[in-house]
Structure formats: C-alpha cells, structure tokens
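> Structure: input35.cif, mmCIF, C-alpha atoms.
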data_work
loop_
_atom_site.label_atom_id
_atom_site.label_comp_id
_atom_site.auth_asym_id
_atom_site.auth_seq_id
_atom_site.Cartn_x
_atom_site.Cartn_y
_atom_site.Cartn_z
CA MET A 1 -35.20 -22.41 8.79
CA SER A 2 -32.84 -19.48 8.91
CA GLY A 3 -29.86 -17.77 7.34
CA ASP A 4 -26.23 -18.59 7.93
CA GLY A 5 -25.93 -16.35 11.00
CA LEU A 6 -28.27 -18.39 13.19
CA LEU A 7 -26.49 -21.65 12.35
CA PHE A 8 -23.21 -19.96 13.28
CA GLU A 9 -24.66 -19.22 16.73
CA VAL A 10 -25.99 -22.78 17.06
CA ILE A 11 -22.63 -24.37 16.26
CA ASN A 12 -20.71 -22.16 18.68
CA GLY A 13 -23.33 -22.77 21.36
CA LEU A 14 -22.96 -26.52 20.96
CA MET A 15 -19.18 -26.26 21.07
CA GLU A 16 -19.46 -24.42 24.40
CA ARG A 17 -21.14 -27.40 26.04
CA GLU A 18 -19.25 -29.82 28.25
CA ASP A 19 -20.74 -32.69 26.21
CA TRP A 20 -19.83 -31.05 22.91
CA ARG A 21 -18.67 -34.35 21.38
CA GLU A 22 -22.12 -35.88 21.77
CA ALA A 23 -23.86 -32.63 20.84
CA MET A 24 -21.92 -32.27 17.59
CA GLN A 25 -23.03 -35.75 16.52
CA ILE A 26 -26.52 -34.33 15.98
CA PRO A 27 -26.88 -33.82 12.22
CA LEU A 28 -27.37 -30.20 11.23
CA GLY A 29 -29.74 -29.22 8.46
CA ILE A 30 -30.86 -25.90 7.04
CA LEU A 31 -33.75 -24.43 5.10
CA PRO A 32 -32.88 -21.09 3.43
CA GLY A 33 -34.53 -18.21 5.26
CA GLY A 34 -31.90 -15.47 5.19
CA SER A 35 -30.38 -13.02 2.74
CA GLY A 36 -27.32 -14.91 1.53
CA ASN A 37 -28.22 -18.56 2.24
CA ALA A 38 -24.68 -19.67 1.41
CA LEU A 39 -24.81 -23.02 3.22
CA ALA A 40 -28.17 -23.88 1.68
CA ALA A 41 -26.79 -23.11 -1.78
CA SER A 42 -23.72 -25.24 -1.02
CA VAL A 43 -25.84 -28.17 0.19
CA HIS A 44 -27.91 -27.95 -2.98
CA HIS A 45 -24.70 -27.87 -5.05
CA TYR A 46 -23.29 -30.94 -3.29
CA SER A 47 -26.38 -32.89 -4.39
CA GLN A 48 -25.23 -32.35 -7.99
CA SER A 49 -28.52 -30.65 -8.84
CA PRO A 50 -28.82 -27.76 -11.32
CA PRO A 51 -28.47 -24.26 -9.82
CA ALA A 52 -31.54 -23.05 -7.95
CA TRP A 53 -32.61 -19.86 -6.21
CA SER A 54 -35.36 -18.61 -3.93
CA GLU A 55 -38.35 -21.00 -3.79
CA GLU A 56 -36.61 -23.67 -5.86
CA LEU A 57 -33.67 -23.68 -3.44
CA LEU A 58 -36.05 -23.96 -0.49
CA LEU A 59 -37.83 -26.91 -2.14
CA SER A 60 -34.51 -28.64 -2.89
CA CYS A 61 -33.20 -28.25 0.67
CA GLY A 62 -36.51 -29.53 2.07
CA PHE A 63 -36.27 -32.61 -0.13
CA LEU A 64 -32.69 -33.24 0.99
CA LEU A 65 -33.74 -32.97 4.65
CA CYS A 66 -36.40 -35.61 4.01
CA LYS A 67 -33.82 -37.93 2.46
CA GLY A 68 -31.72 -37.54 5.60
CA LEU A 69 -28.33 -38.34 4.07
CA VAL A 70 -25.58 -37.24 6.49
CA SER A 71 -22.05 -36.15 5.62
CA PRO A 72 -19.14 -35.03 7.83
CA LEU A 73 -18.77 -31.27 8.08
CA ASP A 74 -15.44 -29.54 8.61
CA LEU A 75 -15.26 -26.70 11.11
CA VAL A 76 -12.58 -24.02 11.25
CA SER A 77 -11.45 -22.65 14.59
CA VAL A 78 -10.67 -18.93 14.55
CA GLN A 79 -8.45 -17.47 17.27
CA LEU A 80 -9.14 -13.78 17.88
CA PRO A 81 -6.85 -11.14 19.45
CA SER A 82 -8.67 -11.41 22.80
CA ARG A 83 -7.81 -15.15 22.92
CA ARG A 84 -11.46 -15.94 22.28
CA ARG A 85 -12.03 -18.78 19.83
CA LEU A 86 -14.91 -19.18 17.39
CA PHE A 87 -15.89 -22.09 15.18
CA SER A 88 -16.80 -21.32 11.58
CA PHE A 89 -18.44 -23.46 8.92
CA LEU A 90 -18.61 -21.00 6.02
CA SER A 91 -16.08 -18.20 5.56
CA LEU A 92 -13.65 -15.66 6.97
CA ALA A 93 -13.47 -12.31 5.17
CA TRP A 94 -11.40 -9.14 5.44
CA GLY A 95 -11.57 -6.16 3.13
CA PHE A 96 -14.03 -5.69 0.30
CA ILE A 97 -16.31 -8.68 0.98
CA ALA A 98 -16.47 -8.03 4.72
CA ASP A 99 -17.28 -4.37 4.04
CA VAL A 100 -20.11 -5.30 1.68
CA ASP A 101 -21.50 -7.90 4.07
CA ILE A 102 -21.51 -5.63 7.11
CA GLU A 103 -22.35 -2.28 5.50
CA SER A 104 -25.26 -3.75 3.53
CA GLU A 105 -27.14 -4.51 6.76
CA LYS A 106 -28.99 -1.23 6.22
CA TYR A 107 -30.51 -2.78 3.07
CA ARG A 108 -31.59 -6.04 4.73
CA HIS A 109 -35.26 -5.32 3.99
CA MET A 110 -34.39 -5.72 0.30
CA GLY A 111 -33.41 -9.39 0.70
CA ALA A 112 -30.60 -10.73 -1.44
CA VAL A 113 -30.49 -7.48 -3.42
CA ARG A 114 -28.76 -5.92 -0.39
CA PHE A 115 -25.46 -7.45 -1.49
CA LEU A 116 -25.76 -5.97 -4.98
CA MET A 117 -26.42 -2.55 -3.48
CA GLY A 118 -23.49 -2.93 -1.07
CA THR A 119 -21.18 -4.03 -3.88
CA LEU A 120 -22.01 -1.03 -6.05
CA VAL A 121 -21.55 1.38 -3.15
CA ARG A 122 -18.20 -0.12 -2.19
CA LEU A 123 -16.97 -0.21 -5.80
CA ALA A 124 -17.66 3.51 -6.06
CA SER A 125 -15.21 4.14 -3.19
CA LEU A 126 -12.85 1.17 -3.34
CA ARG A 127 -10.72 0.73 -0.25
CA VAL A 128 -7.27 -0.79 0.10
CA TYR A 129 -6.10 -2.47 3.30
CA ARG A 130 -2.54 -3.07 4.37
CA GLY A 131 -1.64 -6.22 6.25
CA ARG A 132 0.34 -9.44 6.43
CA LEU A 133 -0.93 -12.86 5.43
CA ALA A 134 0.61 -16.29 6.05
CA PHE A 135 -0.68 -19.79 5.46
CA LEU A 136 0.20 -23.46 5.79
CA PRO A 137 0.01 -24.92 2.26
CA LEU A 138 -1.70 -28.22 1.66
CA GLU A 139 1.53 -29.79 0.41
CA ALA A 140 3.61 -28.68 3.42
CA GLU A 141 4.43 -30.98 6.30
CA PRO A 142 3.04 -29.35 9.46
CA GLU A 143 5.36 -28.67 12.38
CA ALA A 144 3.76 -28.96 15.78
CA PRO A 145 4.11 -25.85 17.97
CA PRO A 146 6.55 -26.27 20.87
CA THR A 147 5.18 -27.74 24.09
CA PRO A 148 6.55 -27.75 27.64
CA ARG A 149 7.72 -31.34 27.17
CA THR A 150 9.73 -30.57 24.02
CA ALA A 151 11.24 -27.56 25.74
CA ARG A 152 12.34 -29.70 28.71
CA ARG A 153 13.91 -32.25 26.37
CA THR A 154 15.76 -29.51 24.52
CA ALA A 155 17.05 -28.03 27.78
CA ALA A 156 18.28 -31.44 28.90
CA ARG A 157 19.97 -32.08 25.56
CA MET A 158 21.70 -28.69 25.65
CA LYS A 159 22.82 -29.25 29.22
CA ALA A 160 24.31 -32.63 28.38
CA THR A 161 26.52 -31.21 25.61
CA ALA A 162 29.63 -29.13 26.19
CA PRO A 163 31.27 -26.44 24.04
CA GLY A 164 33.32 -27.99 21.24
CA ASP A 165 30.87 -30.83 20.73
CA PRO A 166 29.49 -30.84 17.15
CA GLU A 167 25.88 -30.97 18.35
CA HIS A 168 26.57 -28.08 20.73
CA ASP A 169 28.14 -26.02 17.96
CA ARG A 170 25.18 -26.59 15.64
CA SER A 171 22.65 -25.55 18.27
CA HIS A 172 24.60 -22.40 19.23
CA ARG A 173 25.09 -20.82 15.84
CA PRO A 174 24.50 -17.07 15.94
CA THR A 175 21.39 -15.63 14.29
CA LEU A 176 21.17 -12.40 12.36
CA CYS A 177 17.70 -11.47 13.56
CA PRO A 178 17.01 -12.85 17.06
CA HIS A 179 14.33 -10.27 17.77
CA PRO A 180 11.81 -10.21 14.88
CA ALA A 181 9.73 -7.08 14.52
CA SER A 182 6.63 -9.09 13.74
CA ALA A 183 5.51 -12.65 14.26
CA LEU A 184 4.91 -12.90 10.51
CA ARG A 185 8.35 -11.73 9.42
CA CYS A 186 11.02 -14.19 8.43
CA ARG A 187 13.60 -14.91 11.07
CA SER A 188 16.46 -16.11 8.88
CA VAL A 189 18.50 -14.44 6.16
CA PRO A 190 19.03 -16.74 3.14
CA SER A 191 22.38 -17.00 1.42
CA PRO A 192 22.73 -15.49 -2.07
CA SER A 193 22.44 -18.94 -3.61
CA THR A 194 19.24 -19.75 -1.73
CA PRO A 195 15.95 -18.65 -3.29
CA THR A 196 13.78 -16.45 -1.13
CA SER A 197 10.49 -17.93 -2.21
CA THR A 198 9.10 -21.22 -3.29
CA SER A 199 6.30 -22.02 -5.68
CA PRO A 200 4.64 -25.35 -4.97
CA SER A 201 2.80 -27.05 -7.75
CA PRO A 202 -0.56 -25.43 -8.49
CA SER A 203 -3.70 -27.10 -7.28
CA PRO A 204 -5.97 -28.99 -9.69
CA ASN A 205 -8.40 -26.06 -9.59
CA HIS A 206 -5.99 -23.69 -11.29
CA ASN A 207 -7.32 -23.26 -14.79
CA CYS A 208 -5.35 -20.18 -15.84
CA SER A 209 -1.72 -20.18 -16.83
CA GLU A 210 -1.33 -16.52 -15.91
CA GLY A 211 -4.58 -15.44 -14.37
CA ILE A 212 -4.24 -17.14 -10.97
CA ASN A 213 -0.99 -16.50 -9.16
CA SER A 214 0.24 -19.11 -6.69
CA ASN A 215 2.51 -17.98 -3.85
CA ARG A 216 2.99 -14.57 -5.44
CA ASN A 217 5.67 -12.64 -3.56
CA THR A 218 5.88 -15.23 -0.82
CA THR A 219 8.63 -16.53 1.39
CA HIS A 220 9.00 -19.13 4.11
CA CYS A 221 9.27 -18.53 7.82
CA SER A 222 12.04 -19.94 9.95
CA ALA A 223 11.22 -22.31 12.76
CA PRO A 224 10.29 -20.69 16.07
CA ALA A 225 12.41 -20.99 19.16
CA GLU A 226 11.39 -23.80 21.47
CA THR A 227 9.56 -22.33 24.39
CA ASP A 228 7.41 -23.24 27.34
CA GLN A 229 3.85 -22.04 26.89
CA THR A 230 1.84 -21.41 30.02
CA ASP A 231 -1.60 -19.96 30.51
CA ASN A 232 -0.54 -16.34 30.55
CA GLN A 233 2.99 -16.09 29.21
CA THR A 234 5.71 -17.72 27.15
CA GLU A 235 8.90 -18.33 29.05
CA ILE A 236 12.22 -19.12 27.34
CA ARG A 237 14.26 -21.74 29.19
CA PRO A 238 17.94 -21.45 28.33
CA ALA A 239 20.31 -24.22 29.37
CA THR A 240 22.97 -23.59 32.04
CA GLN A 241 26.33 -25.29 32.59
CA SER A 242 27.33 -26.72 35.97
CA ASP A 243 30.33 -25.33 37.73
CA THR A 244 32.06 -28.69 38.10
CA GLN A 245 32.07 -32.05 36.37
CA THR A 246 30.53 -33.67 39.43
CA ASP A 247 27.64 -31.21 39.41
CA THR A 248 27.13 -31.82 35.70
CA GLU A 249 26.82 -35.60 36.17
CA THR A 250 24.50 -35.17 39.13
CA ASN A 251 22.30 -32.72 37.26
CA ASN A 252 22.17 -34.96 34.20
CA ARG A 253 20.99 -37.92 36.28
CA THR A 254 18.42 -35.76 38.03
CA GLU A 255 17.20 -34.28 34.76
CA SER A 256 16.91 -37.70 33.12
CA GLN A 257 14.84 -39.01 36.02
CA ALA A 258 12.61 -35.94 35.94
CA ASN A 259 12.13 -36.19 32.20
CA ALA A 260 11.23 -39.88 32.51
CA ARG A 261 8.50 -38.97 34.96
CA ASN A 262 7.31 -35.93 33.00
CA ASP A 263 7.18 -37.77 29.66
CA ASN A 264 4.38 -39.91 31.05
CA ARG A 265 2.26 -36.85 31.73
CA PRO A 266 0.10 -35.28 29.01
CA ASP A 267 1.20 -31.89 27.76
CA PRO A 268 -0.97 -29.02 28.93
CA PRO A 269 -2.40 -27.29 25.84
CA PRO A 270 -1.53 -23.64 25.15
CA ALA A 271 -4.04 -21.24 26.62
CA SER A 272 -4.83 -19.72 23.24
CA ASN A 273 -5.84 -23.13 21.88
CA THR A 274 -8.49 -23.97 24.44
CA ARG A 275 -11.91 -22.72 25.25
CA SER A 276 -14.13 -23.32 28.24
CA GLY A 277 -15.87 -26.63 27.69
CA THR A 278 -13.94 -27.36 24.50
CA ALA A 279 -11.01 -29.75 24.21
CA VAL A 280 -10.32 -29.31 20.48
CA LEU A 281 -6.64 -28.44 20.09
CA ASP A 282 -5.32 -26.27 17.27
CA SER A 283 -2.27 -28.43 16.72
CA LEU A 284 -1.12 -26.52 13.62
CA LEU A 285 -1.19 -23.08 15.25
CA PRO A 286 1.47 -21.60 17.54
CA ALA A 287 0.46 -18.90 19.98
CA LEU A 288 -0.78 -15.82 18.15
CA ASP A 289 2.18 -13.75 19.38
CA GLN A 290 4.78 -16.39 18.42
CA PRO A 291 6.70 -16.78 15.12
CA LEU A 292 5.39 -19.26 12.59
CA PRO A 293 7.00 -22.65 11.83
CA ALA A 294 9.24 -22.98 8.80
CA SER A 295 6.63 -24.96 6.85
CA TRP A 296 4.38 -21.88 6.60
CA THR A 297 4.42 -19.53 3.62
CA VAL A 298 4.35 -15.77 4.19
CA VAL A 299 2.93 -13.38 1.62
CA SER A 300 5.15 -10.33 1.38
CA GLU A 301 3.73 -7.25 3.03
CA GLU A 302 1.26 -5.93 0.49
CA ASP A 303 -1.86 -3.87 0.05
CA PHE A 304 -4.98 -6.00 -0.25
CA VAL A 305 -8.40 -5.29 -1.64
CA LEU A 306 -9.81 -8.43 -0.05
CA VAL A 307 -8.83 -11.63 1.72
CA LEU A 308 -11.39 -14.44 1.73
CA ALA A 309 -11.12 -17.92 3.26
CA MET A 310 -13.89 -20.24 2.08
CA PHE A 311 -14.95 -23.51 3.71
CA GLN A 312 -17.99 -24.24 1.50
CA SER A 313 -18.60 -23.91 -2.23
CA HIS A 314 -20.92 -20.88 -2.17
CA LEU A 315 -20.65 -17.46 -0.56
CA ALA A 316 -24.28 -16.66 -1.44
CA GLU A 317 -27.06 -18.20 -3.50
CA ASP A 318 -25.59 -16.71 -6.68
CA LEU A 319 -21.86 -16.74 -5.80
CA TRP A 320 -20.10 -20.02 -6.58
CA THR A 321 -16.87 -18.95 -4.92
CA ALA A 322 -14.97 -22.22 -4.36
CA PRO A 323 -15.89 -24.61 -7.20
CA GLY A 324 -13.76 -27.46 -5.86
CA ALA A 325 -14.92 -27.26 -2.24
CA ALA A 326 -16.68 -30.06 -0.37
CA PRO A 327 -18.11 -30.12 3.18
CA ASP A 328 -15.49 -32.63 4.31
CA ASP A 329 -12.44 -31.92 2.12
CA GLY A 330 -10.30 -30.83 5.11
CA LEU A 331 -9.26 -27.63 3.32
CA ILE A 332 -9.42 -23.88 3.58
CA HIS A 333 -9.86 -22.33 0.13
CA LEU A 334 -7.93 -19.07 0.39
CA PHE A 335 -8.45 -16.22 -2.07
CA TYR A 336 -6.90 -12.79 -1.97
CA VAL A 337 -6.89 -9.84 -4.34
CA THR A 338 -3.98 -7.42 -4.21
CA ALA A 339 -4.12 -3.67 -4.71
CA GLY A 340 -3.92 -2.31 -8.23
CA ILE A 341 -6.96 -4.08 -9.60
CA SER A 342 -9.34 -1.76 -11.43
CA ARG A 343 -12.98 -1.40 -10.55
CA PRO A 344 -14.16 -2.95 -13.86
CA ALA A 345 -11.81 -5.91 -13.36
CA LEU A 346 -13.08 -6.49 -9.82
CA LEU A 347 -16.67 -6.28 -11.05
CA ARG A 348 -15.90 -8.83 -13.78
CA LEU A 349 -14.55 -11.21 -11.13
CA PHE A 350 -17.79 -11.12 -9.17
CA LEU A 351 -19.90 -11.49 -12.29
CA ALA A 352 -17.84 -14.53 -13.30
CA MET A 353 -18.21 -15.89 -9.75
CA GLU A 354 -21.92 -16.42 -10.39
CA LYS A 355 -20.95 -19.36 -12.61
CA GLY A 356 -17.77 -20.32 -10.77
CA ALA A 357 -15.65 -19.03 -13.66
CA HIS A 358 -13.63 -16.39 -11.80
CA LEU A 359 -10.62 -18.72 -11.65
CA ASP A 360 -10.60 -18.70 -15.45
CA CYS A 361 -10.32 -14.92 -15.66
CA ASP A 362 -7.02 -13.43 -16.71
CA CYS A 363 -6.63 -11.43 -13.50
CA PRO A 364 -3.04 -11.11 -12.20
CA HIS A 365 -4.28 -9.66 -8.90
CA LEU A 366 -6.28 -12.76 -7.90
CA VAL A 367 -4.44 -15.49 -5.97
CA TYR A 368 -5.95 -18.81 -4.90
CA GLU A 369 -4.39 -21.32 -2.49
CA ARG A 370 -5.57 -24.51 -0.81
CA VAL A 371 -4.34 -24.41 2.77
CA ARG A 372 -4.88 -26.01 6.18
CA ALA A 373 -4.24 -22.99 8.39
CA LEU A 374 -3.70 -19.26 8.04
CA ARG A 375 -2.72 -16.16 9.97
CA LEU A 376 -3.88 -12.63 9.16
CA GLU A 377 -2.33 -9.51 10.68
CA PRO A 378 -4.13 -6.31 9.63
CA LEU A 379 -1.93 -3.21 9.69
CA SER A 380 -4.57 -0.68 8.68
CA PRO A 381 -5.97 0.99 11.81
CA HIS A 382 -9.58 0.67 10.65
CA GLY A 383 -11.40 -2.15 8.96
CA ALA A 384 -13.81 -5.03 9.44
CA ILE A 385 -13.44 -8.80 9.71
CA ALA A 386 -16.43 -11.10 9.26
CA VAL A 387 -16.72 -14.77 10.25
CA ASP A 388 -19.70 -16.51 8.65
CA GLY A 389 -21.09 -13.07 7.91
CA GLU A 390 -20.88 -11.93 11.54
CA VAL A 391 -18.56 -9.07 12.48
CA VAL A 392 -15.80 -9.99 14.97
CA GLU A 393 -13.15 -7.97 16.75
CA TYR A 394 -10.61 -6.34 14.46
CA GLY A 395 -6.98 -7.38 14.81
CA PRO A 396 -4.55 -10.26 14.24
CA LEU A 397 -6.16 -13.68 14.02
CA GLN A 398 -5.39 -17.18 12.87
CA ALA A 399 -7.45 -20.19 11.86
CA GLN A 400 -7.13 -23.94 11.38
CA VAL A 401 -9.47 -26.49 9.79
CA HIS A 402 -10.72 -29.44 11.86
CA PRO A 403 -11.98 -32.18 9.51
CA GLY A 404 -15.31 -33.83 10.25
CA LEU A 405 -15.97 -32.08 13.52
CA ALA A 406 -19.71 -31.77 12.82
CA ARG A 407 -22.35 -33.57 10.75
CA LEU A 408 -24.43 -32.07 7.95
CA ILE A 409 -27.60 -33.29 6.24
CA CYS A 410 -26.93 -32.95 2.52
CA GLY A 411 -27.33 -34.83 -0.74
#
Here is the file; what I need is its structure written in the form of structure tokens.


Amino acid sequence: MSGDGLLFEVINGLMEREDWREAMQIPLGILPGGSGNALAASVHHYSQSPPAWSEELLLSCGFLLCKGLVSPLDLVSVQLPSRRRLFSFLSLAWGFIADVDIESEKYRHMGAVRFLMGTLVRLASLRVYRGRLAFLPLEAEPEAPPTPRTARRTAARMKATAPGDPEHDRSHRPTLCPHPASALRCRSVPSPSTPTSTSPSPSPNHNCSEGINSNRNTTHCSAPAETDQTDNQTEIRPATQSDTQTDTETNNRTESQANARNDNRPDPPPASNTRSGTAVLDSLLPALDQPLPASWTVVSEEDFVLVLAMFQSHLAEDLWTAPGAAPDDGLIHLFYVTAGISRPALLRLFLAMEKGAHLDCDCPHLVYERVRALRLEPLSPHGAIAVDGEVVEYGPLQAQVHPGLARLICG
C-alpha cells in the first residue's frame, strides 16, 4: 500500500538483482496510499469499471488483488546523462508537469489537492523551455545501432573494394555536414525536390482534424556512421588500402578468417545500454552522444511548455492522460505542448483531461504521438525532469519501451 514512488523504487531494486529475471516474474500489485495514485487509477481503469476516487478506488484495487488476475507490464528504460539507467512504469515529464509534480511537494500534507495548488501557482508564472525532441514512430522500421561486428564487416568490405568500383564510389560519396553540431540535428541536406518532413498516418486515437498535430515541424535524421562502441569511447575505424596487390590479397584472406572467427562471438553491448546486474539491452537506442538512425523523427528546435511520455492510462486519480494506453501495449504515448499556448487554453486542456477528452480539444499547440523510443535534449540551463514522479538529473536522456518485462495484478 503506497504511492507510485515506492513502487518505482521496488522495480528498480529488483532490476538491480543478479536474478532479476526470476524476481520480475513476481506479480506486482498496488493499493493507493499516495497523493497521485496514478498506477492504481490505471489498474482500476483497465478493469473497465466506472471512475473511482479515494476510498472507492482503494476498495476496487483491493478487490482486484483478491481476484489475482495477472497481466504483462511494460517497462521503459531511461538512460541519463551520467550513463545511469532507470526503469519506469508510469511516466517521464519535462516542463510544466514536472514543475508541478516537484514543486508541489511542499503541499504534500494536503493530499491530492497539492497538484491543484501546484498547477495554479505554475499557471500564474508559466515557463517555457527550449530543447530538442526526437522519437522513433510506431510505424517506422527500427535500425539497430552499430556494433563492433558490423563495423568490422564494413571495414572488410571497404578494404576489399578499390577506387573506381561502383560499390566503392557509393560508399565514398562526400557529405555536406560530416561534423554535426548536435546528435539530434539532421546529417544530410535534402535536394529541392525532396520533402524535409514526413507525416505518417495519424494514430487511431486522433479525434481532432486540426486540434492534434502529428509530426508538426519534424524531419528525419540520417543514418549514423558505423562505429565501434567500447566501454568508454567510440572509435571510428576507417579502411586502409595495401601498398601492393600481394599485400591486399594477403590482408583480405586474413581479414576473412578473422571475421569468420569473430562472427561466432556475441557482440559486447554498448556501455550505455547495460547496468550492473541487468542484461536488458536497449536495442533501439544508439549511444547518447551518437547521431540517431534515419528511421527516427526529429521535432524542429522549438520552445516547449511541457513534454510528457506516458506508459499507463492515468497520470493521477483524476487525470485520464492516455485514453488508449494499456499495461502491455508496447508503446510510449508521447505528448508535447509547444510555446504560444495561452494560460486559459492550457487550463482547459487539464480540465478536459479529467475525462480523457483533451485529445478532442481544438488546441494547435498539443501534439500526440505513439512511439517506441525517444530522445530529449534540454537546452535551457535550468529545469526539472521527473521519472514516475521522482526528480532525476537534468540533461540529455533517451528512453525505450521493453514489452512485458514485469507482471502486474490488474482486472
């Protein structure tokens, strides 16, 4: 019996164990005992019961625990700037919502009313944050980050081709921006006839023709250079040409034999994708300081009022934030609100969120996407980022969903 914060600590403690696979098979249940009780409200919602609050929500969750029905629960791994990795079951917030969550701690003695007080205070002095946001859309085909094995194969392939060969010419075309200023910036310059952004078909949850913008001011990243990732650095391995034809043939035979032996060995995972005692790999995420694959979509550099990634249906007992979410849908429900929204419009969004109707509002500043991974790069020097309501270190981060990594008792 607790709030969402204690369960966050429990999950990350279990994931730290050497026997985390067995530990995470233990079904997790919750009785609402905190301020927000977002997971308890989500569990109640998944049982298709009418909305409930306070004592009624507690009674409903107790009944569901007695029934003992277990469902898979997705977890989202969050890579922080310090290379630390956390596992989240609820949300990731930056901007307005994170400010309200963290700054309202002083009103904790008021219970759930603390969030109302925090919202009113923050609306009175609305902040705008500058940053970059990128995500891997649900419809996109993921590209695996480069591994040492793929880098070795590329080096061997480049070494085996000579200038004048068509394959050599294709792989040695000059680039206009070999040194990107940021890992989130595009690394290719499209031709005049090539569109700079794409708009995939809207998700089934889009109910507004104009209110919810999909891929607003977005563009696609180019594929990253193939590199070797080691524990502490990323080393580029360019191919070299032998001085003589005899040396070339000898080196090719040697390289082929070495590759044959190395292909039988498992690839060592990137250091940023591993944690002590945890073998879950973030296969969709490159290193945090590396460019993103071409399948990712980059939101143009903008001013944001809030960025919110939801993994459950509710953000609080009375905030039905992601109406289409399920505990095992394998999705990150990404919302962001751009600068320019008025205070009354932002307040109307949160009032509509009580009934899950905020996606029906005619708000051009609200954007909703269903994604599998994301990267956030704050540019404002000050701010707050919250994971499951807990403040984490401020700076660039990225996240990926892992379907069915835990088990949840729900209806």

> Would you mind telling me which residue in A:Gly111, A:Gly68, A:Pro51, A:Pro344 lies nearest to Gly33 (chain A) when using all atoms listed in the file?

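That would be A:Gly111, the residue with the smallest distance to Gly33 (chain A).
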
> So which one's closest to Met110 (chain A), A:Ser2, A:Ser313, A:Ser342, A:Ser35? Using only C-alpha atoms, please.

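So, comparing all the options, the nearest one is A:Ser35.
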
> Here is a test: counting only C-alpha atoms, which residue of A:Ile341, A:Leu334, A:Ala40, A:Leu285 is nearest to Asp303 (chain A)?

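Residue with the minimum atom-to-atom distance to Asp303 (chain A): A:Ile341.
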
> Might you pull out every residue within 9 Å of Phe335 (chain A), with all atoms listed in the file counted and same-chain residues fewer than 3 positions away left off, and present them as a compact mmCIF listing (two decimals) with C-alpha atoms, in the coordinates of the input?


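As a result, around38.txt now contains:
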# COMPACT_ATOMS: atom_id res chain seq x y z
CA LEU A 306 -9.81 -8.43 -0.05
CA VAL A 307 -8.83 -11.63 1.72
CA LEU A 308 -11.39 -14.44 1.73
CA ALA A 309 -11.12 -17.92 3.26
CA MET A 310 -13.89 -20.24 2.08
CA LEU A 366 -6.28 -12.76 -7.90
CA VAL A 367 -4.44 -15.49 -5.97
CA TYR A 368 -5.95 -18.81 -4.90
CA GLU A 369 -4.39 -21.32 -2.49
CA ARG A 370 -5.57 -24.51 -0.81

> Here is a test: counting all atoms listed in the file, which residue of A:Val128, A:Val298, A:Ala345, A:Ala316 is nearest to Trp53 (chain A)?

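Smallest separation from Trp53 (chain A) among the options: A:Ala316.
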
> I'd like the residues picked by the PyMOL selection byres ((chain A and resi 349) around 10) written out as a list in words, using the chain letters and numbers from the file.

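Selected by the PyMOL selection byres ((chain A and resi 349) around 10) in this file: Arg343, Pro344, Ala345, Leu346, Leu347, Arg348, Phe350, Leu351, Ala352, Met353, Glu354, Gly356, Ala357, His358, Leu359, Asp360, Cys361, Asp362, Cys363 and Leu366 of chain A.
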
> Using C-alpha atoms, can you export the residues from the last selection as a PDB file, keeping the file's coordinate frame?


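Okay, result28.pdb is ready:
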ATOM      1  CA  ARG A 343     -12.980  -1.400 -10.550  1.00  0.00           C
ATOM      2  CA  PRO A 344     -14.160  -2.950 -13.860  1.00  0.00           C
ATOM      3  CA  ALA A 345     -11.810  -5.910 -13.360  1.00  0.00           C
ATOM      4  CA  LEU A 346     -13.080  -6.490  -9.820  1.00  0.00           C
ATOM      5  CA  LEU A 347     -16.670  -6.280 -11.050  1.00  0.00           C
ATOM      6  CA  ARG A 348     -15.900  -8.830 -13.780  1.00  0.00           C
ATOM      7  CA  PHE A 350     -17.790 -11.120  -9.170  1.00  0.00           C
ATOM      8  CA  LEU A 351     -19.900 -11.490 -12.290  1.00  0.00           C
ATOM      9  CA  ALA A 352     -17.840 -14.530 -13.300  1.00  0.00           C
ATOM     10  CA  MET A 353     -18.210 -15.890  -9.750  1.00  0.00           C
ATOM     11  CA  GLU A 354     -21.920 -16.420 -10.390  1.00  0.00           C
ATOM     12  CA  GLY A 356     -17.770 -20.320 -10.770  1.00  0.00           C
ATOM     13  CA  ALA A 357     -15.650 -19.030 -13.660  1.00  0.00           C
ATOM     14  CA  HIS A 358     -13.630 -16.390 -11.800  1.00  0.00           C
ATOM     15  CA  LEU A 359     -10.620 -18.720 -11.650  1.00  0.00           C
ATOM     16  CA  ASP A 360     -10.600 -18.700 -15.450  1.00  0.00           C
ATOM     17  CA  CYS A 361     -10.320 -14.920 -15.660  1.00  0.00           C
ATOM     18  CA  ASP A 362      -7.020 -13.430 -16.710  1.00  0.00           C
ATOM     19  CA  CYS A 363      -6.630 -11.430 -13.500  1.00  0.00           C
ATOM     20  CA  LEU A 366      -6.280 -12.760  -7.900  1.00  0.00           C
TER      21      LEU A 366
END

> How far is it from CA of Leu315 (chain A) to CA of Ser91 (chain A), in Å with one decimal?

7.7 Å

> If you apply the PyMOL selection byres ((chain A and resi 406) around 7) to this file, what residues do you get, as a list in words?

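Taken over the shown coordinates, the PyMOL selection byres ((chain A and resi 406) around 7) returns Met24, Gln25, Pro72, Leu73, Asp74, Leu75, Gly404, Leu405, Arg407 and Leu408 of chain A.
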